[in-house]
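Asks: Pasting input13.pdb below, which is PDB, C-alpha atoms.
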```pdb
ATOM      1  CA  MET A   1       0.000   0.000   0.000
ATOM      2  CA  THR A   2       1.090   3.594  -0.309
ATOM      3  CA  ARG A   3       3.307   5.020   2.419
ATOM      4  CA  PHE A   4       0.546   7.454   3.369
ATOM      5  CA  LEU A   5      -2.114   4.774   3.709
ATOM      6  CA  GLY A   6       0.291   2.485   5.581
ATOM      7  CA  LEU A   7       1.126   5.162   8.145
ATOM      8  CA  GLN A   8      -2.552   5.894   8.677
ATOM      9  CA  ALA A   9      -3.274   2.177   9.103
ATOM     10  CA  VAL A  10      -0.488   1.817  11.681
ATOM     11  CA  GLU A  11      -1.840   4.803  13.598
ATOM     12  CA  ARG A  12      -5.403   3.438  13.499
ATOM     13  CA  LEU A  13      -4.264  -0.081  14.529
ATOM     14  CA  GLY A  14      -2.256   1.190  17.499
ATOM     15  CA  ASN A  15      -0.999  -1.759  19.585
ATOM     16  CA  GLN A  16      -2.607  -4.203  17.132
ATOM     17  CA  ALA A  17      -0.095  -3.209  14.425
ATOM     18  CA  GLY A  18       2.427  -5.921  13.707
ATOM     19  CA  PRO A  19       5.642  -5.692  11.701
ATOM     20  CA  VAL A  20       5.704  -3.004   9.002
ATOM     21  CA  ILE A  21       8.368  -2.500   6.344
ATOM     22  CA  MET A  22       8.780   0.888   4.674
ATOM     23  CA  ASP A  23      10.412   1.163   1.243
ATOM     24  CA  PRO A  24      11.325   4.811   0.556
ATOM     25  CA  ALA A  25      12.302   4.091  -3.068
ATOM     26  CA  THR A  26       8.775   2.981  -3.981
ATOM     27  CA  ARG A  27       6.953   4.963  -1.250
ATOM     28  CA  THR A  28       5.394   1.680  -0.154
ATOM     29  CA  ALA A  29       4.427   0.267   3.228
ATOM     30  CA  TYR A  30       4.243  -3.498   3.753
ATOM     31  CA  VAL A  31       2.038  -4.527   6.696
ATOM     32  CA  LEU A  32       2.867  -8.152   7.455
ATOM     33  CA  VAL A  33      -0.114 -10.443   8.013
ATOM     34  CA  PRO A  34      -0.345 -14.248   8.357
ATOM     35  CA  ALA A  35       0.262 -16.159   5.114
ATOM     36  CA  GLY A  36      -2.886 -17.232   3.274
ATOM     37  CA  THR A  37      -5.200 -14.754   5.023
ATOM     38  CA  THR A  38      -5.496 -12.356   2.078
ATOM     39  CA  ARG A  39      -6.902 -14.675  -0.607
ATOM     40  CA  THR A  40     -10.150 -12.693  -0.761
ATOM     41  CA  TRP A  41      -8.485  -9.308  -0.105
ATOM     42  CA  ASN A  42     -10.122  -6.543  -2.101
ATOM     43  CA  HIS A  43      -9.384  -3.170  -0.542
ATOM     44  CA  PRO A  44      -8.883  -0.022  -2.640
ATOM     45  CA  HIS A  45      -5.332   1.331  -2.987
ATOM     46  CA  THR A  46      -3.756  -1.836  -1.587
ATOM     47  CA  THR A  47      -2.335  -5.032  -3.020
ATOM     48  CA  ALA A  48      -2.190  -8.316  -1.154
ATOM     49  CA  LEU A  49       0.892 -10.339  -1.976
ATOM     50  CA  SER A  50       0.389 -14.050  -2.561
ATOM     51  CA  ASP A  51       2.470 -16.995  -1.428
ATOM     52  CA  SER A  52       4.403 -16.766  -4.714
ATOM     53  CA  ASP A  53       5.321 -13.070  -4.234
ATOM     54  CA  HIS A  54       8.330 -11.974  -2.246
ATOM     55  CA  ILE A  55       9.819  -8.861  -0.708
ATOM     56  CA  VAL A  56      13.312  -8.340   0.612
ATOM     57  CA  LEU A  57      13.290  -8.037   4.376
ATOM     58  CA  PRO A  58      15.491  -5.321   5.840
ATOM     59  CA  PRO A  59      18.195  -6.443   8.268
ATOM     60  CA  GLN A  60      16.923  -6.994  11.805
ATOM     61  CA  GLY A  61      17.204  -3.716  13.710
ATOM     62  CA  LYS A  62      17.376  -1.426  10.625
ATOM     63  CA  GLN A  63      14.936   1.366  11.437
ATOM     64  CA  THR A  64      15.987   4.194   9.122
ATOM     65  CA  PRO A  65      16.590   4.757   5.394
ATOM     66  CA  PRO A  66      18.374   4.524   3.026
ATOM     67  CA  GLY A  67      16.722   1.448   1.617
ATOM     68  CA  PRO A  68      13.877  -0.559   3.139
ATOM     69  CA  TYR A  69      13.618  -0.434   6.925
ATOM     70  CA  TRP A  70      11.396  -1.632   9.772
ATOM     71  CA  LEU A  71       8.822   0.947  10.861
ATOM     72  CA  ILE A  72       7.659  -1.630  13.399
ATOM     73  CA  THR A  73      10.078  -4.399  14.310
ATOM     74  CA  SER A  74       9.630  -7.956  13.144
ATOM     75  CA  ARG A  75       9.684  -9.078  16.782
ATOM     76  CA  ARG A  76       6.004  -8.106  17.098
ATOM     77  CA  PRO A  77       3.231 -10.609  16.217
ATOM     78  CA  LEU A  78       1.839 -10.340  12.683
ATOM     79  CA  THR A  79      -1.058  -7.940  12.114
ATOM     80  CA  ASP A  80      -4.502  -9.527  12.192
ATOM     81  CA  THR A  81      -5.844  -9.340   8.630
ATOM     82  CA  ALA A  82      -9.399  -8.521   9.718
ATOM     83  CA  ALA A  83      -8.150  -5.720  11.986
ATOM     84  CA  LEU A  84      -6.119  -4.266   9.107
ATOM     85  CA  HIS A  85      -9.119  -4.435   6.777
ATOM     86  CA  HIS A  86     -11.312  -2.723   9.392
ATOM     87  CA  ALA A  87      -8.682   0.003   9.952
ATOM     88  CA  LEU A  88      -8.425   0.666   6.216
ATOM     89  CA  GLN A  89     -12.219   0.907   5.909
ATOM     90  CA  LYS A  90     -12.261   3.499   8.707
ATOM     91  CA  ILE A  91      -9.434   5.462   7.081
ATOM     92  CA  GLN A  92     -11.155   5.561   3.717
ATOM     93  CA  GLY A  93     -14.256   6.910   5.481
ATOM     94  CA  HIS A  94     -12.187   9.780   6.857
ATOM     95  CA  HIS A  95     -10.145  10.440   3.695
ATOM     96  CA  PRO A  96     -12.261   9.527   0.695
ATOM     97  CA  ASP A  97     -11.088  10.082  -2.854
ATOM     98  CA  THR A  98     -12.839  13.324  -3.590
ATOM     99  CA  ALA A  99     -12.955  15.237  -6.812
ATOM    100  CA  LEU A 100     -10.218  17.853  -7.019
ATOM    101  CA  PRO A 101     -10.689  21.150  -8.868
ATOM    102  CA  ILE A 102      -7.882  20.101 -11.273
ATOM    103  CA  ASP A 103      -7.312  17.620 -14.075
ATOM    104  CA  LEU A 104      -5.317  14.743 -12.517
ATOM    105  CA  THR A 105      -3.921  13.782 -15.923
ATOM    106  CA  ARG A 106      -2.179  17.175 -16.253
ATOM    107  CA  LEU A 107      -0.178  17.117 -13.003
ATOM    108  CA  THR A 108       3.563  17.676 -13.299
ATOM    109  CA  LEU A 109       6.185  15.314 -11.913
ATOM    110  CA  ASP A 110       6.943  17.844  -9.137
ATOM    111  CA  GLN A 111       3.264  17.849  -8.133
ATOM    112  CA  VAL A 112       3.048  14.042  -8.126
ATOM    113  CA  ARG A 113       6.279  13.767  -6.088
ATOM    114  CA  SER A 114       4.864  16.233  -3.532
ATOM    115  CA  TRP A 115       7.494  18.893  -4.187
ATOM    116  CA  SER A 116       4.900  21.327  -5.519
ATOM    117  CA  CYS A 117       1.264  22.023  -4.665
ATOM    118  CA  ALA A 118      -1.132  19.791  -6.612
ATOM    119  CA  LEU A 119      -3.602  22.687  -6.879
ATOM    120  CA  CYS A 120      -1.510  25.769  -7.732
ATOM    121  CA  GLY A 121       1.954  24.378  -8.580
ATOM    122  CA  ALA A 122       3.830  26.490  -5.988
ATOM    123  CA  ARG A 123       6.785  24.908  -4.137
ATOM    124  CA  LEU A 124       5.561  23.342  -0.889
ATOM    125  CA  HIS A 125       6.954  24.732   2.373
ATOM    126  CA  ALA A 126       3.960  23.951   4.579
ATOM    127  CA  ASP A 127       1.496  21.378   3.300
ATOM    128  CA  ARG A 128      -1.786  19.580   3.817
ATOM    129  CA  SER A 129      -2.857  16.250   2.395
ATOM    130  CA  LEU A 130      -5.485  16.097  -0.319
ATOM    131  CA  GLY A 131      -5.791  12.339   0.133
ATOM    132  CA  THR A 132      -4.889   9.491  -2.177
ATOM    133  CA  HIS A 133      -5.892   9.809  -5.827
ATOM    134  CA  THR A 134      -5.652   7.756  -9.012
ATOM    135  CA  ALA A 135      -6.240   8.670 -12.661
ATOM    136  CA  GLU A 136      -6.795   6.461 -15.700
ATOM    137  CA  THR A 137      -3.882   8.072 -17.573
ATOM    138  CA  GLY A 138      -0.903  10.312 -16.853
ATOM    139  CA  LEU A 139       1.446  10.209 -13.867
ATOM    140  CA  LEU A 140      -1.230   9.104 -11.369
ATOM    141  CA  THR A 141      -2.057   5.615 -12.616
ATOM    142  CA  GLU A 142      -1.033   4.226  -9.207
ATOM    143  CA  PRO A 143      -2.649   5.457  -5.964
ATOM    144  CA  THR A 144      -0.658   8.528  -4.938
ATOM    145  CA  GLU A 145      -1.036  10.937  -2.054
ATOM    146  CA  LEU A 146      -1.310  14.538  -3.253
ATOM    147  CA  TRP A 147      -0.360  17.596  -1.225
ATOM    148  CA  ALA A 148      -1.381  21.246  -1.337
ATOM    149  CA  CYS A 149      -0.268  24.505   0.254
ATOM    150  CA  ALA A 150      -1.206  24.952   3.920
ATOM    151  CA  PRO A 151      -3.301  26.477   5.227
ATOM    152  CA  ALA A 152      -4.544  27.344   1.717
ATOM    153  CA  CYS A 153      -3.152  28.083  -1.735
ATOM    154  CA  ARG A 154      -2.295  31.696  -2.503
ATOM    155  CA  THR A 155      -3.959  31.434  -5.909
ATOM    156  CA  ARG A 156      -7.075  29.482  -4.895
TER     157      ARG A 156
END
```
Represent the structure contained in this file as structure tokens.

Replies:
Amino acid sequence: MTRFLGLQAVERLGNQAGPVIMDPATRTAYVLVPAGTTRTWNHPHTTALSDSDHIVLPPQGKQTPPGPYWLITSRRPLTDTAALHHALQKIQGHHPDTALPIDLTRLTLDQVRSWSCALCGARLHADRSLGTHTAETGLLTEPTELWACAPACRTR
């Protein structure tokens, strides 16, 4: 899942959160759940890995970038799949994909990478999340968190 969604899930899960791997290169969070418990997984903006998929585990104790690292140590029990699903449903209720007053297919690379405001294009110094968005074409074909000027854009 996206880094943004993963961090929100960890916050919502609290003490129920098990091991979590962050990959800064792909801006991905991997919440580890018991093998075989995601066969019917169908949650927006997430992908359940199957028994034939693999990820490279960071070294035990690595808790900072560069490279993949443990946000929550692997010494914790795995996250309960139902609890993760419930947390993600609650998060989506609080941060739904809402229509933005812009054309998602026309965003620049700086806007998609969160260096510039997704609404006005200004460099971001203070920001606010616009939630996770996906477009059929362009740079946003994968779920991506967009950011805007905070508290509000100068031009909007």

Asks: Determine the residue membership of the PyMOL selection byres ((chain A and resi 28) around 12) for the file above and supply it as an NGL selection string.

Replies: :A and (1-7 or 20-27 or 29-31 or 45-47 or 55 or 67-69 or 71 or 142-145)

Asks: Decode the PyMOL selection byres ((chain A and resi 35) around 10) for the given file into explicit residues and return them as a list of chain:residue names.

Replies: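 When the PyMOL selection byres ((chain A and resi 35) around 10) is applied, the selected residues are A:Leu32, A:Val33, A:Pro34, A:Gly36, A:Thr37, A:Thr38, A:Arg39, A:Leu49, A:Ser50, A:Asp51, A:Leu78, A:Thr81.
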
Asks: Written as a PyMOL selection string, what is the full residue list that the PyMOL selection byres ((chain A and resi 129) around 7) yields on the file shown?

Replies: chain A and resi 127-128+130-131+146-148

Asks: Choose the residue, out of A:Gly138, A:Pro19, A:Pro101, A:Pro66, that has the smallest atom-to-atom separation from Leu119 of chain A; count all atoms listed in the file.

Replies: A:Pro101

Asks: Determine the nearest neighbour of Leu140 of chain A from the options A:Ala83, A:Leu107, A:Leu57, A:Leu13, counting all atoms listed in the file.

Replies: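 When distances to Leu140 of chain A are compared using all atoms listed in the file, the smallest one comes from A:Leu107.
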
Asks: What's the separation between atom CA of Thr73 of chain A and atom CA of His54 of chain A, in Å to one decimal place?

Replies: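 About the pair atom CA of Thr73 of chain A and atom CA of His54 of chain A: they are 18.3 Å apart.
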